[in-house]
$ cat entry.pdb   # PDB, N, CA and C atoms
MODEL        1
ATOM      1  N   MET A   1      -5.156  -9.223 -14.765
ATOM      2  CA  MET A   1      -5.322  -8.669 -13.441
ATOM      3  C   MET A   1      -4.595  -9.561 -12.432
ATOM      4  N   SER A   2      -3.964  -8.921 -11.458
ATOM      5  CA  SER A   2      -3.306  -9.654 -10.378
ATOM      6  C   SER A   2      -3.930  -9.245  -9.056
ATOM      7  N   GLU A   3      -4.077 -10.217  -8.179
ATOM      8  CA  GLU A   3      -4.644  -9.946  -6.867
ATOM      9  C   GLU A   3      -3.666 -10.435  -5.803
ATOM     10  N   PHE A   4      -3.412  -9.574  -4.838
ATOM     11  CA  PHE A   4      -2.514  -9.900  -3.730
ATOM     12  C   PHE A   4      -3.328  -9.817  -2.440
ATOM     13  N   LYS A   5      -3.381 -10.925  -1.695
ATOM     14  CA  LYS A   5      -4.104 -10.963  -0.419
ATOM     15  C   LYS A   5      -3.074 -11.004   0.697
ATOM     16  N   LEU A   6      -3.018  -9.931   1.465
ATOM     17  CA  LEU A   6      -2.052  -9.846   2.548
ATOM     18  C   LEU A   6      -2.607 -10.511   3.801
ATOM     19  N   LYS A   7      -1.718 -10.988   4.659
ATOM     20  CA  LYS A   7      -2.141 -11.642   5.899
ATOM     21  C   LYS A   7      -2.926 -10.699   6.803
ATOM     22  N   SER A   8      -2.738  -9.401   6.623
ATOM     23  CA  SER A   8      -3.456  -8.417   7.427
ATOM     24  C   SER A   8      -4.928  -8.326   7.041
ATOM     25  N   GLY A   9      -5.298  -8.935   5.894
ATOM     26  CA  GLY A   9      -6.671  -8.858   5.420
ATOM     27  C   GLY A   9      -6.838  -7.868   4.283
ATOM     28  N   THR A  10      -5.823  -7.063   4.031
ATOM     29  CA  THR A  10      -5.857  -6.101   2.929
ATOM     30  C   THR A  10      -5.732  -6.841   1.601
ATOM     31  N   VAL A  11      -6.511  -6.416   0.604
ATOM     32  CA  VAL A  11      -6.447  -7.004  -0.733
ATOM     33  C   VAL A  11      -6.033  -5.908  -1.707
ATOM     34  N   VAL A  12      -5.032  -6.203  -2.538
ATOM     35  CA  VAL A  12      -4.569  -5.263  -3.554
ATOM     36  C   VAL A  12      -4.801  -5.908  -4.918
ATOM     37  N   GLU A  13      -5.633  -5.255  -5.749
ATOM     38  CA  GLU A  13      -5.895  -5.731  -7.108
ATOM     39  C   GLU A  13      -5.262  -4.761  -8.090
ATOM     40  N   ILE A  14      -4.518  -5.301  -9.039
ATOM     41  CA  ILE A  14      -3.844  -4.458 -10.035
ATOM     42  C   ILE A  14      -4.234  -4.959 -11.414
ATOM     43  N   ASN A  15      -4.751  -4.035 -12.245
ATOM     44  CA  ASN A  15      -5.038  -4.395 -13.634
ATOM     45  C   ASN A  15      -4.301  -3.425 -14.549
ATOM     46  N   ASN A  16      -4.653  -3.380 -15.810
ATOM     47  CA  ASN A  16      -3.926  -2.556 -16.778
ATOM     48  C   ASN A  16      -4.032  -1.059 -16.530
ATOM     49  N   SER A  17      -5.048  -0.620 -15.782
ATOM     50  CA  SER A  17      -5.214   0.822 -15.617
ATOM     51  C   SER A  17      -5.337   1.294 -14.169
ATOM     52  N   THR A  18      -5.617   0.384 -13.221
ATOM     53  CA  THR A  18      -5.820   0.827 -11.839
ATOM     54  C   THR A  18      -5.177  -0.098 -10.812
ATOM     55  N   ILE A  19      -4.982   0.483  -9.628
ATOM     56  CA  ILE A  19      -4.563  -0.258  -8.438
ATOM     57  C   ILE A  19      -5.692  -0.062  -7.445
ATOM     58  N   GLU A  20      -6.271  -1.143  -6.969
ATOM     59  CA  GLU A  20      -7.345  -1.032  -5.982
ATOM     60  C   GLU A  20      -6.863  -1.625  -4.671
ATOM     61  N   ILE A  21      -6.976  -0.824  -3.603
ATOM     62  CA  ILE A  21      -6.575  -1.257  -2.268
ATOM     63  C   ILE A  21      -7.853  -1.385  -1.447
ATOM     64  N   ARG A  22      -8.135  -2.595  -0.978
ATOM     65  CA  ARG A  22      -9.351  -2.819  -0.192
ATOM     66  C   ARG A  22      -8.990  -3.247   1.222
ATOM     67  N   ARG A  23      -9.462  -2.466   2.157
ATOM     68  CA  ARG A  23      -9.272  -2.786   3.578
ATOM     69  C   ARG A  23     -10.648  -2.984   4.206
ATOM     70  N   THR A  24     -11.456  -3.788   3.583
ATOM     71  CA  THR A  24     -12.833  -3.971   4.047
ATOM     72  C   THR A  24     -13.018  -5.294   4.773
ATOM     73  N   ASP A  25     -12.058  -6.203   4.659
ATOM     74  CA  ASP A  25     -12.097  -7.475   5.374
ATOM     75  C   ASP A  25     -12.134  -7.185   6.875
ATOM     76  N   GLY A  26     -12.869  -7.982   7.623
ATOM     77  CA  GLY A  26     -13.002  -7.762   9.064
ATOM     78  C   GLY A  26     -11.669  -7.685   9.779
ATOM     79  N   LYS A  27     -10.739  -8.569   9.420
ATOM     80  CA  LYS A  27      -9.415  -8.598  10.048
ATOM     81  C   LYS A  27      -8.663  -7.300   9.780
ATOM     82  N   SER A  28      -8.694  -6.833   8.528
ATOM     83  CA  SER A  28      -7.997  -5.605   8.150
ATOM     84  C   SER A  28      -8.622  -4.396   8.848
ATOM     85  N   ALA A  29      -9.950  -4.378   8.902
ATOM     86  CA  ALA A  29     -10.655  -3.251   9.524
ATOM     87  C   ALA A  29     -10.341  -3.162  11.015
ATOM     88  N   ILE A  30     -10.322  -4.304  11.703
ATOM     89  CA  ILE A  30     -10.019  -4.308  13.143
ATOM     90  C   ILE A  30      -8.588  -3.852  13.385
ATOM     91  N   LYS A  31      -7.633  -4.399  12.604
ATOM     92  CA  LYS A  31      -6.228  -3.978  12.747
ATOM     93  C   LYS A  31      -6.103  -2.485  12.483
ATOM     94  N   GLY A  32      -6.782  -2.004  11.459
ATOM     95  CA  GLY A  32      -6.731  -0.583  11.111
ATOM     96  C   GLY A  32      -7.296   0.293  12.202
ATOM     97  N   LEU A  33      -8.375  -0.157  12.803
ATOM     98  CA  LEU A  33      -9.027   0.606  13.860
ATOM     99  C   LEU A  33      -8.084   0.820  15.040
ATOM    100  N   PHE A  34      -7.395  -0.245  15.449
ATOM    101  CA  PHE A  34      -6.497  -0.136  16.598
ATOM    102  C   PHE A  34      -5.184   0.553  16.261
ATOM    103  N   ALA A  35      -4.761   0.484  15.020
ATOM    104  CA  ALA A  35      -3.491   1.096  14.632
ATOM    105  C   ALA A  35      -3.687   2.514  14.092
ATOM    106  N   GLY A  36      -4.934   2.961  13.984
ATOM    107  CA  GLY A  36      -5.199   4.300  13.457
ATOM    108  C   GLY A  36      -4.978   4.381  11.961
ATOM    109  N   ARG A  37      -5.140   3.260  11.248
ATOM    110  CA  ARG A  37      -4.914   3.241   9.809
ATOM    111  C   ARG A  37      -6.219   3.395   9.059
ATOM    112  N   THR A  38      -6.098   3.835   7.824
ATOM    113  CA  THR A  38      -7.245   4.048   6.969
ATOM    114  C   THR A  38      -7.927   2.728   6.640
ATOM    115  N   MET A  39      -9.268   2.736   6.675
ATOM    116  CA  MET A  39     -10.038   1.567   6.288
ATOM    117  C   MET A  39     -10.835   1.925   5.042
ATOM    118  N   GLY A  40     -11.432   0.931   4.415
ATOM    119  CA  GLY A  40     -12.245   1.166   3.240
ATOM    120  C   GLY A  40     -11.521   0.778   1.970
ATOM    121  N   GLU A  41     -11.861   1.454   0.886
ATOM    122  CA  GLU A  41     -11.291   1.135  -0.423
ATOM    123  C   GLU A  41     -10.664   2.371  -1.053
ATOM    124  N   MET A  42      -9.683   2.125  -1.900
ATOM    125  CA  MET A  42      -9.039   3.220  -2.636
ATOM    126  C   MET A  42      -8.641   2.709  -4.002
ATOM    127  N   THR A  43      -8.863   3.537  -5.021
ATOM    128  CA  THR A  43      -8.451   3.200  -6.376
ATOM    129  C   THR A  43      -7.490   4.275  -6.867
ATOM    130  N   ILE A  44      -6.374   3.828  -7.431
ATOM    131  CA  ILE A  44      -5.358   4.738  -7.965
ATOM    132  C   ILE A  44      -5.153   4.388  -9.434
ATOM    133  N   LYS A  45      -5.221   5.402 -10.302
ATOM    134  CA  LYS A  45      -4.947   5.157 -11.721
ATOM    135  C   LYS A  45      -3.455   4.924 -11.904
ATOM    136  N   LEU A  46      -3.104   3.902 -12.652
ATOM    137  CA  LEU A  46      -1.689   3.617 -12.904
ATOM    138  C   LEU A  46      -0.999   4.802 -13.568
ATOM    139  N   SER A  47      -1.715   5.519 -14.412
ATOM    140  CA  SER A  47      -1.119   6.660 -15.110
ATOM    141  C   SER A  47      -0.769   7.803 -14.155
ATOM    142  N   ALA A  48      -1.343   7.797 -12.937
ATOM    143  CA  ALA A  48      -1.057   8.846 -11.956
ATOM    144  C   ALA A  48       0.122   8.509 -11.052
ATOM    145  N   VAL A  49       0.567   7.243 -11.072
ATOM    146  CA  VAL A  49       1.648   6.810 -10.181
ATOM    147  C   VAL A  49       2.960   7.492 -10.579
ATOM    148  N   THR A  50       3.603   8.109  -9.573
ATOM    149  CA  THR A  50       4.874   8.798  -9.815
ATOM    150  C   THR A  50       6.053   8.054  -9.196
ATOM    151  N   GLY A  51       5.759   7.102  -8.313
ATOM    152  CA  GLY A  51       6.845   6.342  -7.708
ATOM    153  C   GLY A  51       6.354   5.388  -6.648
ATOM    154  N   LEU A  52       7.259   4.533  -6.180
ATOM    155  CA  LEU A  52       6.964   3.537  -5.151
ATOM    156  C   LEU A  52       8.055   3.584  -4.100
ATOM    157  N   ILE A  53       7.650   3.442  -2.843
ATOM    158  CA  ILE A  53       8.624   3.366  -1.753
ATOM    159  C   ILE A  53       8.268   2.143  -0.931
ATOM    160  N   GLN A  54       9.162   1.155  -0.910
ATOM    161  CA  GLN A  54       8.935  -0.034  -0.106
ATOM    162  C   GLN A  54      10.018  -0.079   0.950
ATOM    163  N   TYR A  55       9.595  -0.101   2.206
ATOM    164  CA  TYR A  55      10.558  -0.097   3.294
ATOM    165  C   TYR A  55      10.027  -0.964   4.429
ATOM    166  N   ALA A  56      10.714  -2.012   4.747
ATOM    167  CA  ALA A  56      10.372  -2.921   5.855
ATOM    168  C   ALA A  56       8.910  -3.361   5.776
ATOM    169  N   ASP A  57       8.036  -2.765   6.578
ATOM    170  CA  ASP A  57       6.661  -3.255   6.655
ATOM    171  C   ASP A  57       5.623  -2.339   6.003
ATOM    172  N   TYR A  58       6.052  -1.478   5.088
ATOM    173  CA  TYR A  58       5.055  -0.679   4.362
ATOM    174  C   TYR A  58       5.492  -0.403   2.926
ATOM    175  N   LEU A  59       4.481  -0.197   2.076
ATOM    176  CA  LEU A  59       4.679   0.156   0.671
ATOM    177  C   LEU A  59       3.847   1.395   0.416
ATOM    178  N   LEU A  60       4.501   2.478   0.043
ATOM    179  CA  LEU A  60       3.814   3.730  -0.239
ATOM    180  C   LEU A  60       3.759   3.918  -1.749
ATOM    181  N   ILE A  61       2.557   4.083  -2.260
ATOM    182  CA  ILE A  61       2.374   4.330  -3.681
ATOM    183  C   ILE A  61       2.230   5.836  -3.860
ATOM    184  N   CYS A  62       3.236   6.451  -4.450
ATOM    185  CA  CYS A  62       3.218   7.898  -4.674
ATOM    186  C   CYS A  62       2.503   8.166  -5.995
ATOM    187  N   ALA A  63       1.546   9.075  -5.969
ATOM    188  CA  ALA A  63       0.779   9.385  -7.167
ATOM    189  C   ALA A  63       0.286  10.827  -7.095
ATOM    190  N   SER A  64       0.020  11.399  -8.238
ATOM    191  CA  SER A  64      -0.477  12.773  -8.317
ATOM    192  C   SER A  64      -1.723  12.930  -7.462
ATOM    193  N   GLY A  65      -1.730  13.950  -6.607
ATOM    194  CA  GLY A  65      -2.888  14.257  -5.783
ATOM    195  C   GLY A  65      -3.002  13.465  -4.498
ATOM    196  N   LEU A  66      -2.077  12.561  -4.240
ATOM    197  CA  LEU A  66      -2.129  11.767  -3.007
ATOM    198  C   LEU A  66      -1.068  12.239  -2.027
ATOM    199  N   PRO A  67      -1.303  12.021  -0.730
ATOM    200  CA  PRO A  67      -0.318  12.469   0.259
ATOM    201  C   PRO A  67       1.012  11.739   0.110
ATOM    202  N   SER A  68       2.084  12.482   0.363
ATOM    203  CA  SER A  68       3.422  11.887   0.395
ATOM    204  C   SER A  68       4.221  12.613   1.472
ATOM    205  N   PRO A  69       5.136  11.910   2.102
ATOM    206  CA  PRO A  69       5.887  12.531   3.201
ATOM    207  C   PRO A  69       6.873  13.583   2.690
ATOM    208  N   ASN A  70       7.057  14.612   3.501
ATOM    209  CA  ASN A  70       8.031  15.653   3.166
ATOM    210  C   ASN A  70       9.440  15.193   3.489
ATOM    211  N   ASP A  71       9.559  14.354   4.470
ATOM    212  CA  ASP A  71      10.856  13.771   4.815
ATOM    213  C   ASP A  71      10.605  12.427   5.485
ATOM    214  N   PHE A  72      11.661  11.689   5.726
ATOM    215  CA  PHE A  72      11.506  10.360   6.303
ATOM    216  C   PHE A  72      12.194  10.243   7.652
ATOM    217  N   LYS A  73      11.889  11.172   8.535
ATOM    218  CA  LYS A  73      12.399  11.051   9.890
ATOM    219  C   LYS A  73      11.722   9.851  10.541
ATOM    220  N   ILE A  74      12.418   9.201  11.413
ATOM    221  CA  ILE A  74      11.882   8.017  12.081
ATOM    222  C   ILE A  74      10.535   8.330  12.745
ATOM    223  N   THR A  75      10.386   9.528  13.271
ATOM    224  CA  THR A  75       9.154   9.872  13.968
ATOM    225  C   THR A  75       7.957   9.990  13.028
ATOM    226  N   SER A  76       8.182  10.119  11.736
ATOM    227  CA  SER A  76       7.059  10.284  10.819
ATOM    228  C   SER A  76       6.582   8.972  10.208
ATOM    229  N   ILE A  77       7.257   7.852  10.484
ATOM    230  CA  ILE A  77       6.868   6.580   9.887
ATOM    231  C   ILE A  77       5.453   6.190  10.299
ATOM    232  N   GLY A  78       5.094   6.409  11.543
ATOM    233  CA  GLY A  78       3.733   6.111  12.000
ATOM    234  C   GLY A  78       2.695   6.902  11.239
ATOM    235  N   ASP A  79       3.015   8.160  10.932
ATOM    236  CA  ASP A  79       2.102   8.992  10.149
ATOM    237  C   ASP A  79       1.978   8.483   8.719
ATOM    238  N   VAL A  80       3.101   8.108   8.123
ATOM    239  CA  VAL A  80       3.116   7.612   6.746
ATOM    240  C   VAL A  80       2.233   6.373   6.632
ATOM    241  N   LYS A  81       2.276   5.491   7.614
ATOM    242  CA  LYS A  81       1.485   4.260   7.575
ATOM    243  C   LYS A  81      -0.015   4.525   7.627
ATOM    244  N   GLN A  82      -0.408   5.732   7.994
ATOM    245  CA  GLN A  82      -1.824   6.076   8.043
ATOM    246  C   GLN A  82      -2.337   6.642   6.722
ATOM    247  N   TYR A  83      -1.452   6.910   5.776
ATOM    248  CA  TYR A  83      -1.882   7.432   4.475
ATOM    249  C   TYR A  83      -2.749   6.388   3.775
ATOM    250  N   PRO A  84      -3.798   6.816   3.076
ATOM    251  CA  PRO A  84      -4.649   5.846   2.373
ATOM    252  C   PRO A  84      -3.919   5.122   1.236
ATOM    253  N   ASN A  85      -2.827   5.710   0.729
ATOM    254  CA  ASN A  85      -2.049   5.102  -0.354
ATOM    255  C   ASN A  85      -0.853   4.314   0.180
ATOM    256  N   CYS A  86      -0.874   3.997   1.467
ATOM    257  CA  CYS A  86       0.181   3.209   2.092
ATOM    258  C   CYS A  86      -0.375   1.836   2.456
ATOM    259  N   ILE A  87       0.328   0.794   2.027
ATOM    260  CA  ILE A  87      -0.078  -0.577   2.313
ATOM    261  C   ILE A  87       0.876  -1.125   3.364
ATOM    262  N   VAL A  88       0.327  -1.609   4.461
ATOM    263  CA  VAL A  88       1.138  -2.153   5.542
ATOM    264  C   VAL A  88       1.005  -3.678   5.529
ATOM    265  N   GLY A  89       2.135  -4.367   5.621
ATOM    266  CA  GLY A  89       2.115  -5.823   5.611
ATOM    267  C   GLY A  89       3.485  -6.390   5.896
ATOM    268  N   LYS A  90       3.626  -7.662   5.639
ATOM    269  CA  LYS A  90       4.924  -8.334   5.807
ATOM    270  C   LYS A  90       5.836  -7.927   4.653
ATOM    271  N   GLU A  91       7.120  -7.833   4.929
ATOM    272  CA  GLU A  91       8.073  -7.357   3.921
ATOM    273  C   GLU A  91       8.030  -8.185   2.639
ATOM    274  N   TYR A  92       7.961  -9.512   2.765
ATOM    275  CA  TYR A  92       7.954 -10.364   1.561
ATOM    276  C   TYR A  92       6.676 -10.174   0.739
ATOM    277  N   GLU A  93       5.531  -9.893   1.406
ATOM    278  CA  GLU A  93       4.280  -9.648   0.686
ATOM    279  C   GLU A  93       4.373  -8.341  -0.105
ATOM    280  N   LEU A  94       4.913  -7.330   0.548
ATOM    281  CA  LEU A  94       5.022  -6.011  -0.078
ATOM    282  C   LEU A  94       6.039  -6.010  -1.214
ATOM    283  N   LYS A  95       7.114  -6.771  -1.060
ATOM    284  CA  LYS A  95       8.142  -6.855  -2.105
ATOM    285  C   LYS A  95       7.548  -7.432  -3.382
ATOM    286  N   GLU A  96       6.662  -8.400  -3.247
ATOM    287  CA  GLU A  96       5.995  -9.006  -4.395
ATOM    288  C   GLU A  96       5.137  -7.966  -5.138
ATOM    289  N   ILE A  97       4.393  -7.159  -4.394
ATOM    290  CA  ILE A  97       3.569  -6.105  -5.000
ATOM    291  C   ILE A  97       4.463  -5.036  -5.630
ATOM    292  N   TYR A  98       5.513  -4.652  -4.914
ATOM    293  CA  TYR A  98       6.459  -3.646  -5.410
ATOM    294  C   TYR A  98       7.054  -4.078  -6.748
ATOM    295  N   ASP A  99       7.545  -5.312  -6.803
ATOM    296  CA  ASP A  99       8.154  -5.824  -8.041
ATOM    297  C   ASP A  99       7.157  -5.838  -9.193
ATOM    298  N   TYR A 100       5.927  -6.224  -8.901
ATOM    299  CA  TYR A 100       4.892  -6.273  -9.942
ATOM    300  C   TYR A 100       4.589  -4.858 -10.465
ATOM    301  N   LEU A 101       4.399  -3.920  -9.547
ATOM    302  CA  LEU A 101       4.099  -2.537  -9.940
ATOM    303  C   LEU A 101       5.266  -1.894 -10.681
ATOM    304  N   GLN A 102       6.482  -2.200 -10.248
ATOM    305  CA  GLN A 102       7.661  -1.635 -10.880
ATOM    306  C   GLN A 102       7.709  -2.005 -12.365
ATOM    307  N   GLU A 103       7.295  -3.206 -12.685
ATOM    308  CA  GLU A 103       7.253  -3.632 -14.083
ATOM    309  C   GLU A 103       6.218  -2.847 -14.889
ATOM    310  N   LEU A 104       5.124  -2.442 -14.223
ATOM    311  CA  LEU A 104       4.047  -1.729 -14.932
ATOM    312  C   LEU A 104       4.329  -0.249 -15.149
ATOM    313  N   ILE A 105       5.052   0.356 -14.211
ATOM    314  CA  ILE A 105       5.296   1.795 -14.354
ATOM    315  C   ILE A 105       6.646   1.988 -14.956
TER
ENDMDL
END
$ encode --input "entry.pdb" --output "structure tokens"
Amino acid sequence: MSEFKLKSGTVVEINNSTIEIRRTDGKSAIKGLFAGRTMGEMTIKLSAVTGLIQYADYLLICASGLPSPNDFKITSIGDVKQYPNCIVGKEYELKEIYDYLQELI
């Protein structure tokens, strides 16, 4: 199992079968509240993952049954960051998670 703790307070745990995104830390919850982002916890089965999109300050985990953008117009980036399967953080933090997940899928 690997655990990634982002400076935003979000914790991402990845094991052999699931990806768990936890935004329950006080810092993450407060940032989420003001930015209109999803708070709480989410678990995604690795077998459901269909792709990854890492761009600047967000990582979107595409998976069966989860929201995904229809297009990537600049105006929709704010909406994408509100998806429960979208992790917002520093680019170097997200790149580390992206590289790890890429090896698993």
$ resolve_selection --input "entry.pdb" --expression "the PyMOL selection byres (((chain A and resi 2 and name CA) around 7) and name CA)" --output "ChimeraX atom specification"
/A:1,3-4,13-15
$ residues_around --input "entry.pdb" --residues "region 49-64 of chain A" --least-positions-apart "3" --cutoff "6 Å" --atoms "all atoms listed in the file" --output "list in words"
Lys45, Leu46, Asn85, Cys86, Ile87, Val88, Gly89, Lys90 and Glu91 of chain A
$ write_last_selection --input "entry.pdb" --atoms "N, CA and C atoms" --output "PDB file, in the frame of the given file"
ATOM      1  N   LYS A  45      -5.221   5.402 -10.302  1.00  0.00           N
ATOM      2  CA  LYS A  45      -4.947   5.157 -11.721  1.00  0.00           C
ATOM      3  C   LYS A  45      -3.455   4.924 -11.904  1.00  0.00           C
ATOM      4  N   LEU A  46      -3.104   3.902 -12.652  1.00  0.00           N
ATOM      5  CA  LEU A  46      -1.689   3.617 -12.904  1.00  0.00           C
ATOM      6  C   LEU A  46      -0.999   4.802 -13.568  1.00  0.00           C
ATOM      7  N   ASN A  85      -2.827   5.710   0.729  1.00  0.00           N
ATOM      8  CA  ASN A  85      -2.049   5.102  -0.354  1.00  0.00           C
ATOM      9  C   ASN A  85      -0.853   4.314   0.180  1.00  0.00           C
ATOM     10  N   CYS A  86      -0.874   3.997   1.467  1.00  0.00           N
ATOM     11  CA  CYS A  86       0.181   3.209   2.092  1.00  0.00           C
ATOM     12  C   CYS A  86      -0.375   1.836   2.456  1.00  0.00           C
ATOM     13  N   ILE A  87       0.328   0.794   2.027  1.00  0.00           N
ATOM     14  CA  ILE A  87      -0.078  -0.577   2.313  1.00  0.00           C
ATOM     15  C   ILE A  87       0.876  -1.125   3.364  1.00  0.00           C
ATOM     16  N   VAL A  88       0.327  -1.609   4.461  1.00  0.00           N
ATOM     17  CA  VAL A  88       1.138  -2.153   5.542  1.00  0.00           C
ATOM     18  C   VAL A  88       1.005  -3.678   5.529  1.00  0.00           C
ATOM     19  N   GLY A  89       2.135  -4.367   5.621  1.00  0.00           N
ATOM     20  CA  GLY A  89       2.115  -5.823   5.611  1.00  0.00           C
ATOM     21  C   GLY A  89       3.485  -6.390   5.896  1.00  0.00           C
ATOM     22  N   LYS A  90       3.626  -7.662   5.639  1.00  0.00           N
ATOM     23  CA  LYS A  90       4.924  -8.334   5.807  1.00  0.00           C
ATOM     24  C   LYS A  90       5.836  -7.927   4.653  1.00  0.00           C
ATOM     25  N   GLU A  91       7.120  -7.833   4.929  1.00  0.00           N
ATOM     26  CA  GLU A  91       8.073  -7.357   3.921  1.00  0.00           C
ATOM     27  C   GLU A  91       8.030  -8.185   2.639  1.00  0.00           C
TER      28      GLU A  91
END
$ residues_near_point --input "entry.pdb" --point "(0.7, 6.8, 5.2)" --cutoff "8 Å" --atoms "all atoms listed in the file" --output "PyMOL selection string"
chain A and resi 38+59-60+67-69+77-87
$ write_last_selection --input "entry.pdb" --atoms "N, CA and C atoms" --output "PDB file, keeping the file's coordinate frame"
ATOM      1  N   THR A  38      -6.098   3.835   7.824  1.00  0.00           N
ATOM      2  CA  THR A  38      -7.245   4.048   6.969  1.00  0.00           C
ATOM      3  C   THR A  38      -7.927   2.728   6.640  1.00  0.00           C
ATOM      4  N   LEU A  59       4.481  -0.197   2.076  1.00  0.00           N
ATOM      5  CA  LEU A  59       4.679   0.156   0.671  1.00  0.00           C
ATOM      6  C   LEU A  59       3.847   1.395   0.416  1.00  0.00           C
ATOM      7  N   LEU A  60       4.501   2.478   0.043  1.00  0.00           N
ATOM      8  CA  LEU A  60       3.814   3.730  -0.239  1.00  0.00           C
ATOM      9  C   LEU A  60       3.759   3.918  -1.749  1.00  0.00           C
ATOM     10  N   PRO A  67      -1.303  12.021  -0.730  1.00  0.00           N
ATOM     11  CA  PRO A  67      -0.318  12.469   0.259  1.00  0.00           C
ATOM     12  C   PRO A  67       1.012  11.739   0.110  1.00  0.00           C
ATOM     13  N   SER A  68       2.084  12.482   0.363  1.00  0.00           N
ATOM     14  CA  SER A  68       3.422  11.887   0.395  1.00  0.00           C
ATOM     15  C   SER A  68       4.221  12.613   1.472  1.00  0.00           C
ATOM     16  N   PRO A  69       5.136  11.910   2.102  1.00  0.00           N
ATOM     17  CA  PRO A  69       5.887  12.531   3.201  1.00  0.00           C
ATOM     18  C   PRO A  69       6.873  13.583   2.690  1.00  0.00           C
ATOM     19  N   ILE A  77       7.257   7.852  10.484  1.00  0.00           N
ATOM     20  CA  ILE A  77       6.868   6.580   9.887  1.00  0.00           C
ATOM     21  C   ILE A  77       5.453   6.190  10.299  1.00  0.00           C
ATOM     22  N   GLY A  78       5.094   6.409  11.543  1.00  0.00           N
ATOM     23  CA  GLY A  78       3.733   6.111  12.000  1.00  0.00           C
ATOM     24  C   GLY A  78       2.695   6.902  11.239  1.00  0.00           C
ATOM     25  N   ASP A  79       3.015   8.160  10.932  1.00  0.00           N
ATOM     26  CA  ASP A  79       2.102   8.992  10.149  1.00  0.00           C
ATOM     27  C   ASP A  79       1.978   8.483   8.719  1.00  0.00           C
ATOM     28  N   VAL A  80       3.101   8.108   8.123  1.00  0.00           N
ATOM     29  CA  VAL A  80       3.116   7.612   6.746  1.00  0.00           C
ATOM     30  C   VAL A  80       2.233   6.373   6.632  1.00  0.00           C
ATOM     31  N   LYS A  81       2.276   5.491   7.614  1.00  0.00           N
ATOM     32  CA  LYS A  81       1.485   4.260   7.575  1.00  0.00           C
ATOM     33  C   LYS A  81      -0.015   4.525   7.627  1.00  0.00           C
ATOM     34  N   GLN A  82      -0.408   5.732   7.994  1.00  0.00           N
ATOM     35  CA  GLN A  82      -1.824   6.076   8.043  1.00  0.00           C
ATOM     36  C   GLN A  82      -2.337   6.642   6.722  1.00  0.00           C
ATOM     37  N   TYR A  83      -1.452   6.910   5.776  1.00  0.00           N
ATOM     38  CA  TYR A  83      -1.882   7.432   4.475  1.00  0.00           C
ATOM     39  C   TYR A  83      -2.749   6.388   3.775  1.00  0.00           C
ATOM     40  N   PRO A  84      -3.798   6.816   3.076  1.00  0.00           N
ATOM     41  CA  PRO A  84      -4.649   5.846   2.373  1.00  0.00           C
ATOM     42  C   PRO A  84      -3.919   5.122   1.236  1.00  0.00           C
ATOM     43  N   ASN A  85      -2.827   5.710   0.729  1.00  0.00           N
ATOM     44  CA  ASN A  85      -2.049   5.102  -0.354  1.00  0.00           C
ATOM     45  C   ASN A  85      -0.853   4.314   0.180  1.00  0.00           C
ATOM     46  N   CYS A  86      -0.874   3.997   1.467  1.00  0.00           N
ATOM     47  CA  CYS A  86       0.181   3.209   2.092  1.00  0.00           C
ATOM     48  C   CYS A  86      -0.375   1.836   2.456  1.00  0.00           C
ATOM     49  N   ILE A  87       0.328   0.794   2.027  1.00  0.00           N
ATOM     50  CA  ILE A  87      -0.078  -0.577   2.313  1.00  0.00           C
ATOM     51  C   ILE A  87       0.876  -1.125   3.364  1.00  0.00           C
TER      52      ILE A  87
END
$ select_by_dssp --input "entry.pdb" --residues "chain A" --states "alpha helix (DSSP H)" --output "list in words"
Gly26, Lys27, Ser28, Ala29, Ile30, Lys31, Gly32, Leu33, Phe34, Ala35, Ile77, Gly78, Asp79, Val80, Glu91, Tyr92, Glu93, Leu94, Lys95, Glu96, Ile97, Tyr98, Asp99, Tyr100, Leu101, Gln102, Glu103 and Leu104 of chain A
$ select_by_dssp --input "entry.pdb" --residues "chain A" --states "strand (DSSP E or B)" --output "VMD selection string"
chain A and resid 2 to 5 11 to 14 18 to 23 40 to 45 49 to 55 58 to 63 86 to 88
$ residues_near_point --input "entry.pdb" --point "(-9.4, 4.6, -11.6)" --cutoff "7 Å" --atoms "all atoms listed in the file" --output "PyMOL selection string"
chain A and resi 17-19+43-46
$ write_last_selection --input "entry.pdb" --atoms "N, CA and C atoms" --output "short mmCIF file (atom, residue, chain, number, x, y, z; two decimals), in the coordinates of the input"
data_model
loop_
_atom_site.label_atom_id
_atom_site.label_comp_id
_atom_site.auth_asym_id
_atom_site.auth_seq_id
_atom_site.Cartn_x
_atom_site.Cartn_y
_atom_site.Cartn_z
N SER A 17 -5.05 -0.62 -15.78
CA SER A 17 -5.21 0.82 -15.62
C SER A 17 -5.34 1.29 -14.17
N THR A 18 -5.62 0.38 -13.22
CA THR A 18 -5.82 0.83 -11.84
C THR A 18 -5.18 -0.10 -10.81
N ILE A 19 -4.98 0.48 -9.63
CA ILE A 19 -4.56 -0.26 -8.44
C ILE A 19 -5.69 -0.06 -7.44
N THR A 43 -8.86 3.54 -5.02
CA THR A 43 -8.45 3.20 -6.38
C THR A 43 -7.49 4.28 -6.87
N ILE A 44 -6.37 3.83 -7.43
CA ILE A 44 -5.36 4.74 -7.96
C ILE A 44 -5.15 4.39 -9.43
N LYS A 45 -5.22 5.40 -10.30
CA LYS A 45 -4.95 5.16 -11.72
C LYS A 45 -3.46 4.92 -11.90
N LEU A 46 -3.10 3.90 -12.65
CA LEU A 46 -1.69 3.62 -12.90
C LEU A 46 -1.00 4.80 -13.57
#
$ atom_distance --input "entry.pdb" --atom1 "atom C of Ser8 (chain A)" --atom2 "CA of Leu66 (chain A)"
22.6 Å
$ axis_aligned_box --input "entry.pdb" --around "region 43-55 of chain A" --padding-each-side "6 Å" --output "JSON"
{"center_x": 0.8, "center_y": 3.9, "center_z": -5.3, "size_x": 31.4, "size_y": 21.8, "size_z": 31.5}
$ atom_distance --input "entry.pdb" --atom1 "CA of Gln102 (chain A)" --atom2 "CA of Arg23 (chain A)"
22.3 Å
$ residues_around --input "entry.pdb" --residues "Glu41 (chain A)" --least-positions-apart "4" --cutoff "8 Å" --atoms "only C-alpha atoms" --output "PyMOL selection string"
chain A and resi 20-24
